[in-house]
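Structure data (PDB, C-alpha atoms and all ligand atoms) from start.pdb:
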```pdb
ATOM      1  CA  MET A   1      24.793 -63.539 -62.851  1.00  0.00           C
ATOM      2  CA  SER A   2      28.181 -64.888 -63.776  1.00  0.00           C
ATOM      3  CA  GLU A   3      29.584 -64.721 -67.256  1.00  0.00           C
ATOM      4  CA  ILE A   4      30.385 -67.953 -69.062  1.00  0.00           C
ATOM      5  CA  LEU A   5      34.141 -68.218 -69.389  1.00  0.00           C
ATOM      6  CA  LYS A   6      35.509 -68.696 -72.862  1.00  0.00           C
ATOM      7  CA  VAL A   7      39.070 -69.519 -73.837  1.00  0.00           C
ATOM      8  CA  GLN A   8      40.990 -66.290 -74.247  1.00  0.00           C
ATOM      9  CA  ASP A   9      44.398 -64.884 -73.416  1.00  0.00           C
ATOM     10  CA  GLY A  10      45.007 -64.898 -69.699  1.00  0.00           C
ATOM     11  CA  GLN A  11      42.870 -67.984 -69.074  1.00  0.00           C
ATOM     12  CA  VAL A  12      44.239 -71.140 -67.535  1.00  0.00           C
ATOM     13  CA  VAL A  13      42.846 -73.943 -69.670  1.00  0.00           C
ATOM     14  CA  LEU A  14      42.370 -77.562 -68.651  1.00  0.00           C
ATOM     15  CA  MET A  15      42.135 -79.661 -71.777  1.00  0.00           C
ATOM     16  CA  GLU A  16      41.684 -83.319 -72.554  1.00  0.00           C
ATOM     17  CA  TYR A  17      43.219 -84.274 -75.861  1.00  0.00           C
ATOM     18  CA  THR A  18      44.205 -87.060 -78.185  1.00  0.00           C
ATOM     19  CA  LEU A  19      46.850 -86.516 -80.833  1.00  0.00           C
ATOM     20  CA  ARG A  20      46.695 -88.620 -83.976  1.00  0.00           C
ATOM     21  CA  VAL A  21      49.259 -88.575 -86.754  1.00  0.00           C
ATOM     22  CA  ASP A  22      48.679 -90.664 -89.881  1.00  0.00           C
ATOM     23  CA  GLY A  23      45.705 -92.254 -88.076  1.00  0.00           C
ATOM     24  CA  GLU A  24      47.829 -93.460 -85.171  1.00  0.00           C
ATOM     25  CA  ILE A  25      47.386 -92.209 -81.591  1.00  0.00           C
ATOM     26  CA  LEU A  26      50.703 -90.653 -80.564  1.00  0.00           C
ATOM     27  CA  ASP A  27      49.700 -88.928 -77.375  1.00  0.00           C
ATOM     28  CA  SER A  28      46.624 -88.628 -75.203  1.00  0.00           C
ATOM     29  CA  SER A  29      45.578 -87.222 -71.866  1.00  0.00           C
ATOM     30  CA  SER A  30      43.320 -90.254 -71.443  1.00  0.00           C
ATOM     31  CA  GLY A  31      44.232 -91.948 -68.174  1.00  0.00           C
ATOM     32  CA  HIS A  32      46.222 -88.900 -67.058  1.00  0.00           C
ATOM     33  CA  GLU A  33      45.423 -85.477 -65.723  1.00  0.00           C
ATOM     34  CA  PRO A  34      44.164 -83.084 -68.409  1.00  0.00           C
ATOM     35  CA  LEU A  35      46.767 -80.766 -69.885  1.00  0.00           C
ATOM     36  CA  GLU A  36      46.878 -77.424 -68.065  1.00  0.00           C
ATOM     37  CA  PHE A  37      48.319 -74.359 -69.770  1.00  0.00           C
ATOM     38  CA  LEU A  38      48.091 -70.595 -70.029  1.00  0.00           C
ATOM     39  CA  GLN A  39      46.294 -69.531 -73.202  1.00  0.00           C
ATOM     40  CA  GLY A  40      48.145 -66.979 -75.319  1.00  0.00           C
ATOM     41  CA  ALA A  41      51.532 -67.695 -73.773  1.00  0.00           C
ATOM     42  CA  GLY A  42      52.794 -70.153 -76.364  1.00  0.00           C
ATOM     43  CA  ASN A  43      52.726 -73.048 -73.891  1.00  0.00           C
ATOM     44  CA  ILE A  44      51.285 -75.358 -76.553  1.00  0.00           C
ATOM     45  CA  ILE A  45      51.843 -75.516 -80.309  1.00  0.00           C
ATOM     46  CA  PRO A  46      50.535 -72.395 -82.056  1.00  0.00           C
ATOM     47  CA  GLY A  47      48.209 -74.142 -84.528  1.00  0.00           C
ATOM     48  CA  LEU A  48      46.294 -75.760 -81.671  1.00  0.00           C
ATOM     49  CA  GLU A  49      46.301 -72.724 -79.379  1.00  0.00           C
ATOM     50  CA  ASP A  50      44.829 -70.515 -82.157  1.00  0.00           C
ATOM     51  CA  GLU A  51      41.825 -72.814 -82.628  1.00  0.00           C
ATOM     52  CA  LEU A  52      40.839 -72.866 -78.958  1.00  0.00           C
ATOM     53  CA  TYR A  53      39.816 -69.203 -78.665  1.00  0.00           C
ATOM     54  CA  GLY A  54      36.147 -68.830 -77.765  1.00  0.00           C
ATOM     55  CA  MET A  55      35.586 -72.402 -76.626  1.00  0.00           C
ATOM     56  CA  ALA A  56      33.670 -72.989 -73.383  1.00  0.00           C
ATOM     57  CA  VAL A  57      33.977 -75.764 -70.808  1.00  0.00           C
ATOM     58  CA  GLY A  58      32.479 -78.979 -72.154  1.00  0.00           C
ATOM     59  CA  GLU A  59      33.065 -78.072 -75.778  1.00  0.00           C
ATOM     60  CA  SER A  60      35.207 -80.280 -77.972  1.00  0.00           C
ATOM     61  CA  LYS A  61      36.711 -79.774 -81.364  1.00  0.00           C
ATOM     62  CA  LEU A  62      38.783 -81.637 -83.900  1.00  0.00           C
ATOM     63  CA  VAL A  63      41.711 -79.384 -84.719  1.00  0.00           C
ATOM     64  CA  ILE A  64      43.878 -80.172 -87.721  1.00  0.00           C
ATOM     65  CA  VAL A  65      47.258 -78.490 -87.533  1.00  0.00           C
ATOM     66  CA  GLN A  66      49.396 -78.113 -90.624  1.00  0.00           C
ATOM     67  CA  PRO A  67      53.150 -78.774 -90.244  1.00  0.00           C
ATOM     68  CA  GLU A  68      54.057 -75.085 -90.430  1.00  0.00           C
ATOM     69  CA  ASP A  69      51.851 -74.406 -87.372  1.00  0.00           C
ATOM     70  CA  GLY A  70      52.954 -77.597 -85.640  1.00  0.00           C
ATOM     71  CA  TYR A  71      56.436 -79.075 -85.533  1.00  0.00           C
ATOM     72  CA  GLY A  72      57.596 -77.390 -88.708  1.00  0.00           C
ATOM     73  CA  VAL A  73      58.171 -78.493 -92.255  1.00  0.00           C
ATOM     74  CA  ILE A  74      60.944 -80.893 -93.128  1.00  0.00           C
ATOM     75  CA  ASP A  75      64.199 -78.991 -93.491  1.00  0.00           C
ATOM     76  CA  ALA A  76      66.480 -80.412 -96.181  1.00  0.00           C
ATOM     77  CA  GLU A  77      69.458 -78.900 -94.381  1.00  0.00           C
ATOM     78  CA  ALA A  78      68.693 -80.994 -91.305  1.00  0.00           C
ATOM     79  CA  PHE A  79      69.909 -84.095 -93.157  1.00  0.00           C
ATOM     80  CA  VAL A  80      73.604 -84.642 -92.532  1.00  0.00           C
ATOM     81  CA  GLU A  81      75.794 -87.212 -94.225  1.00  0.00           C
ATOM     82  CA  VAL A  82      78.464 -88.813 -92.073  1.00  0.00           C
ATOM     83  CA  PRO A  83      81.225 -91.053 -93.476  1.00  0.00           C
ATOM     84  CA  ARG A  84      80.747 -94.622 -92.227  1.00  0.00           C
ATOM     85  CA  GLU A  85      84.172 -94.649 -90.571  1.00  0.00           C
ATOM     86  CA  GLN A  86      83.203 -91.623 -88.438  1.00  0.00           C
ATOM     87  CA  PHE A  87      80.027 -93.274 -87.255  1.00  0.00           C
ATOM     88  CA  PRO A  88      80.238 -94.679 -83.688  1.00  0.00           C
ATOM     89  CA  SER A  89      80.750 -98.432 -83.871  1.00  0.00           C
ATOM     90  CA  ASN A  90      78.505 -99.142 -80.862  1.00  0.00           C
ATOM     91  CA  ILE A  91      75.361 -97.949 -82.682  1.00  0.00           C
ATOM     92  CA  PRO A  92      73.681-100.248 -85.190  1.00  0.00           C
ATOM     93  CA  MET A  93      73.720 -98.730 -88.681  1.00  0.00           C
ATOM     94  CA  GLU A  94      70.051 -99.225 -89.436  1.00  0.00           C
ATOM     95  CA  GLU A  95      67.403 -96.925 -90.833  1.00  0.00           C
ATOM     96  CA  GLY A  96      65.102 -95.484 -88.177  1.00  0.00           C
ATOM     97  CA  ILE A  97      67.524 -95.932 -85.262  1.00  0.00           C
ATOM     98  CA  GLU A  98      67.390 -92.928 -82.908  1.00  0.00           C
ATOM     99  CA  ILE A  99      70.718 -91.565 -81.802  1.00  0.00           C
ATOM    100  CA  GLN A 100      71.906 -88.669 -79.704  1.00  0.00           C
ATOM    101  CA  VAL A 101      74.905 -86.639 -80.757  1.00  0.00           C
ATOM    102  CA  THR A 102      76.411 -83.515 -79.238  1.00  0.00           C
ATOM    103  CA  ASP A 103      77.133 -80.405 -81.231  1.00  0.00           C
ATOM    104  CA  GLU A 104      80.335 -78.343 -80.929  1.00  0.00           C
ATOM    105  CA  ASN A 105      78.920 -76.638 -77.792  1.00  0.00           C
ATOM    106  CA  GLY A 106      78.191 -79.950 -76.126  1.00  0.00           C
ATOM    107  CA  THR A 107      74.430 -79.584 -76.575  1.00  0.00           C
ATOM    108  CA  PRO A 108      72.763 -82.968 -77.043  1.00  0.00           C
ATOM    109  CA  MET A 109      70.746 -83.302 -80.257  1.00  0.00           C
ATOM    110  CA  ASN A 110      68.451 -86.107 -81.326  1.00  0.00           C
ATOM    111  CA  ALA A 111      68.693 -87.569 -84.784  1.00  0.00           C
ATOM    112  CA  ARG A 112      67.456 -90.601 -86.667  1.00  0.00           C
ATOM    113  CA  ILE A 113      69.320 -92.661 -89.187  1.00  0.00           C
ATOM    114  CA  ASP A 114      67.590 -91.794 -92.437  1.00  0.00           C
ATOM    115  CA  SER A 115      69.572 -93.990 -94.785  1.00  0.00           C
ATOM    116  CA  VAL A 116      72.746 -96.025 -94.970  1.00  0.00           C
ATOM    117  CA  SER A 117      74.896 -96.335 -98.070  1.00  0.00           C
ATOM    118  CA  ASP A 118      78.146 -98.169 -98.851  1.00  0.00           C
ATOM    119  CA  ASP A 119      80.277 -95.308 -97.592  1.00  0.00           C
ATOM    120  CA  SER A 120      78.060 -93.032 -95.526  1.00  0.00           C
ATOM    121  CA  VAL A 121      75.218 -92.733 -93.047  1.00  0.00           C
ATOM    122  CA  THR A 122      72.633 -89.952 -93.441  1.00  0.00           C
ATOM    123  CA  LEU A 123      71.294 -88.522 -90.192  1.00  0.00           C
ATOM    124  CA  ASP A 124      67.987 -86.655 -89.985  1.00  0.00           C
ATOM    125  CA  PHE A 125      67.903 -83.919 -87.335  1.00  0.00           C
ATOM    126  CA  ASN A 126      64.309 -82.869 -88.068  1.00  0.00           C
ATOM    127  CA  HIS A 127      61.773 -83.200 -85.261  1.00  0.00           C
ATOM    128  CA  PRO A 128      60.132 -86.638 -85.640  1.00  0.00           C
ATOM    129  CA  LEU A 129      56.794 -84.852 -86.245  1.00  0.00           C
ATOM    130  CA  ALA A 130      58.180 -82.325 -88.742  1.00  0.00           C
ATOM    131  CA  GLY A 131      56.202 -82.374 -91.970  1.00  0.00           C
ATOM    132  CA  LYS A 132      53.277 -84.133 -90.282  1.00  0.00           C
ATOM    133  CA  GLU A 133      49.679 -82.994 -90.120  1.00  0.00           C
ATOM    134  CA  LEU A 134      48.538 -83.201 -86.495  1.00  0.00           C
ATOM    135  CA  HIS A 135      44.966 -84.201 -85.636  1.00  0.00           C
ATOM    136  CA  PHE A 136      43.956 -83.129 -82.148  1.00  0.00           C
ATOM    137  CA  ASP A 137      40.702 -84.106 -80.486  1.00  0.00           C
ATOM    138  CA  ALA A 138      40.541 -81.364 -77.903  1.00  0.00           C
ATOM    139  CA  LYS A 139      37.977 -80.965 -75.127  1.00  0.00           C
ATOM    140  CA  ILE A 140      37.949 -78.045 -72.718  1.00  0.00           C
ATOM    141  CA  VAL A 141      37.300 -79.394 -69.223  1.00  0.00           C
ATOM    142  CA  GLY A 142      38.219 -76.391 -67.087  1.00  0.00           C
ATOM    143  CA  LEU A 143      38.834 -72.669 -67.306  1.00  0.00           C
ATOM    144  CA  ARG A 144      39.856 -70.030 -64.810  1.00  0.00           C
ATOM    145  CA  ASP A 145      41.390 -66.587 -64.843  1.00  0.00           C
ATOM    146  CA  ALA A 146      45.161 -66.739 -64.507  1.00  0.00           C
ATOM    147  CA  THR A 147      46.686 -64.945 -61.531  1.00  0.00           C
ATOM    148  CA  ASP A 148      48.784 -61.822 -62.145  1.00  0.00           C
ATOM    149  CA  GLU A 149      51.863 -63.836 -61.306  1.00  0.00           C
ATOM    150  CA  GLU A 150      50.983 -66.565 -63.817  1.00  0.00           C
ATOM    151  CA  ASN A 151      50.415 -63.950 -66.529  1.00  0.00           C
ATOM    152  CA  GLU A 152      53.739 -62.347 -65.653  1.00  0.00           C
ATOM    153  CA  HIS A 153      55.605 -65.668 -65.805  1.00  0.00           C
ATOM    154  CA  GLY A 154      53.768 -66.874 -68.895  1.00  0.00           C
ATOM    155  CA  HIS A 155      52.856 -70.250 -67.396  1.00  0.00           C
ATOM    156  CA  VAL A 156      50.544 -71.943 -64.935  1.00  0.00           C
ATOM    157  CA  HIS A 157      51.428 -72.264 -61.268  1.00  0.00           C
ATOM    158  CA  GLY A 158      49.994 -75.552 -60.178  1.00  0.00           C
ATOM    159  CA  ALA A 159      51.050 -78.125 -57.627  1.00  0.00           C
ATOM    160  CA  HIS A 160      54.680 -77.710 -58.702  1.00  0.00           C
ATOM    161  CA  SER A 161      54.784 -73.959 -58.409  1.00  0.00           C
ATOM    162  CA  HIS A 162      57.914 -71.920 -58.896  1.00  0.00           C
TER     163      HIS A 162
HETATM  164 ZN    ZN A 201      56.412 -69.218 -62.641  1.00  0.00          ZN
END
```
Would you mind writing the file out in structure tokens?
Amino acid sequence: MSEILKVQDGQVVLMEYTLRVDGEILDSSSGHEPLEFLQGAGNIIPGLEDELYGMAVGESKLVIVQPEDGYGVIDAEAFVEVPREQFPSNIPMEEGIEIQVTDENGTPMNARIDSVSDDSVTLDFNHPLAGKELHFDAKIVGLRDATDEENEHGHVHGAHSH
């Protein structure tokens, strides 16, 4: 008699999912391979991972993740005002435009133009999904015990093993 596997730490989970934000589908495994990850290793956002414990193959669940357990709350300090004359002339100065800037260490960072005034441009460095409630339709479609090596590495070794 074999035990029914349930999602727990040390399980490799195969999950189909659809992510909706403000009623709009932002991401989905539909038409792709299911998402494969190691439960308990922080491979997926914490608010979703926490709700999967105890689920069996074939079970589905609507998981609503609050911003603090998802992509974070909106950080007021992540808005940066740049004088218009310092703004690169090759980028249109329009609200919502995505730009990439590099910090003092040369690390690329994504930002969006939040607002434009007569003398400055305000950039928003928050994650685009910061402050958003995430609605996941999650369905467990596969479960297996992780190997010792996978548990050690904290991720799944699939076709592109390392
Ligand atoms: Zn590895």
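Running the PyMOL selection byres (((chain A and resi 41) around 8) and not hetatm) on this file leaves Asp9, Leu38, Gln39, Gly40, Gly42, Asn43, Gly154 and His155 of chain A selected.
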Emit the selected residues as a PDB file, keeping the file's coordinate frame, including C-alpha atoms.
```pdb
ATOM      1  CA  ASP A   9      44.398 -64.884 -73.416  1.00  0.00           C
ATOM      2  CA  LEU A  38      48.091 -70.595 -70.029  1.00  0.00           C
ATOM      3  CA  GLN A  39      46.294 -69.531 -73.202  1.00  0.00           C
ATOM      4  CA  GLY A  40      48.145 -66.979 -75.319  1.00  0.00           C
ATOM      5  CA  GLY A  42      52.794 -70.153 -76.364  1.00  0.00           C
ATOM      6  CA  ASN A  43      52.726 -73.048 -73.891  1.00  0.00           C
ATOM      7  CA  GLY A 154      53.768 -66.874 -68.895  1.00  0.00           C
ATOM      8  CA  HIS A 155      52.856 -70.250 -67.396  1.00  0.00           C
TER       9      HIS A 155
END
```
query = Could you name the residues that touch range 25-32 of chain A at 10 Å or less, counting all atoms listed in the file, but leaving out those on the same chain fewer than 2 positions away, as a PyMOL selection string?
reply = chain A and resi 15-23+34-35+134-138
message = To one decimal place in Å, what is the distance between CA of Asn126 in chain A and CA of Lys61 in chain A?
response = 28.6 Å
request  = Output the neighbourhood of ligand ZN 201 (chain A) as JSON, numbers by chain, that is, all protein and nucleic acid residues with some atom at most 9 Å from the ligand, counting only C-alpha atoms and all ligand atoms.
outcome  = {"A": [149, 150, 151, 152, 153, 154, 155, 156, 157, 161, 162]}
ask   = Around (33.2, -68.7, -67.6) in the file's own coordinates, what residues are found within 12 Å if you use all atoms listed in the file, given back as a PyMOL selection string?
value = chain A and resi 1-8+11-13+54-58+140-145
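Against this structure, the PyMOL selection byres (((chain A and resi 120) around 7) and not hetatm) ends up with Glu81, Val82, Pro83, Arg84, Val116, Ser117, Asp118, Asp119, Val121 and Thr122 of chain A.
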Any chance you could work out the axis-aligned box around range 104-120 of chain A, listed atoms only, 8 Å on each side, giving centre and edge lengths in Å to one decimal, as lines of an AutoDock Vina configuration file?
```
center_x = 73.9
center_y = -87.4
center_z = -87.5
size_x = 28.9
size_y = 37.5
size_z = 38.7
```
request  = Return as an NGL selection string the set of residues that the PyMOL selection byres (((chain A and resi 50) around 10) and not hetatm) yields on the displayed structure.
outcome  = :A and (8 or 39-40 or 42 or 44-49 or 51-54 or 63 or 65 or 69)
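CA of Leu14 in chain A to CA of Asp148 in chain A spans 18.2 Å [interatomic distance, one decimal].
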Residue among A:Ile113, A:Ala146, A:Met93, A:Ile99 lying closest to Val80 in chain A, counting all atoms listed in the file = A:Ile113
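CA of Ala130 in chain A sits 6.3 Å away from CA of Pro67 in chain A.
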task = Tell me, as a ChimeraX atom specification, which residues lie within 8 Å of Val101 in chain A, counting all atoms listed in the file; anything in the same chain fewer than 4 positions away does not count.
result = /A:108-111
Repaired coordinates for range 98-109 of chain A (N, CA and C atoms) as a short mmCIF file (atom, residue, chain, number, x, y, z; two decimals), keeping the file's coordinate frame:
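Produced file result17.cif, reproduced below:
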```cif
data_model
loop_
_atom_site.label_atom_id
_atom_site.label_comp_id
_atom_site.auth_asym_id
_atom_site.auth_seq_id
_atom_site.Cartn_x
_atom_site.Cartn_y
_atom_site.Cartn_z
N GLU A 98 67.27 -94.26 -83.51
CA GLU A 98 67.39 -92.93 -82.91
C GLU A 98 68.75 -92.83 -82.23
N ILE A 99 69.44 -91.75 -82.48
CA ILE A 99 70.72 -91.56 -81.80
C ILE A 99 70.78 -90.16 -81.22
N GLN A 100 71.70 -90.00 -80.26
CA GLN A 100 71.91 -88.67 -79.70
C GLN A 100 73.36 -88.29 -79.96
N VAL A 101 73.55 -87.12 -80.52
CA VAL A 101 74.90 -86.64 -80.76
C VAL A 101 75.03 -85.29 -80.06
N THR A 102 76.24 -84.83 -79.83
CA THR A 102 76.41 -83.52 -79.24
C THR A 102 77.04 -82.60 -80.27
N ASP A 103 76.56 -81.36 -80.29
CA ASP A 103 77.13 -80.40 -81.23
C ASP A 103 78.44 -79.83 -80.66
N GLU A 104 79.03 -78.86 -81.36
CA GLU A 104 80.33 -78.34 -80.93
C GLU A 104 80.29 -77.66 -79.55
N ASN A 105 79.06 -77.25 -79.12
CA ASN A 105 78.92 -76.64 -77.79
C ASN A 105 78.57 -77.66 -76.71
N GLY A 106 78.52 -78.91 -77.10
CA GLY A 106 78.19 -79.95 -76.13
C GLY A 106 76.70 -80.12 -75.90
N THR A 107 75.88 -79.46 -76.72
CA THR A 107 74.43 -79.58 -76.58
C THR A 107 73.96 -80.89 -77.22
N PRO A 108 73.23 -81.73 -76.44
CA PRO A 108 72.76 -82.97 -77.04
C PRO A 108 71.67 -82.72 -78.08
N MET A 109 71.74 -83.43 -79.19
CA MET A 109 70.75 -83.30 -80.26
C MET A 109 70.30 -84.69 -80.67
#
```
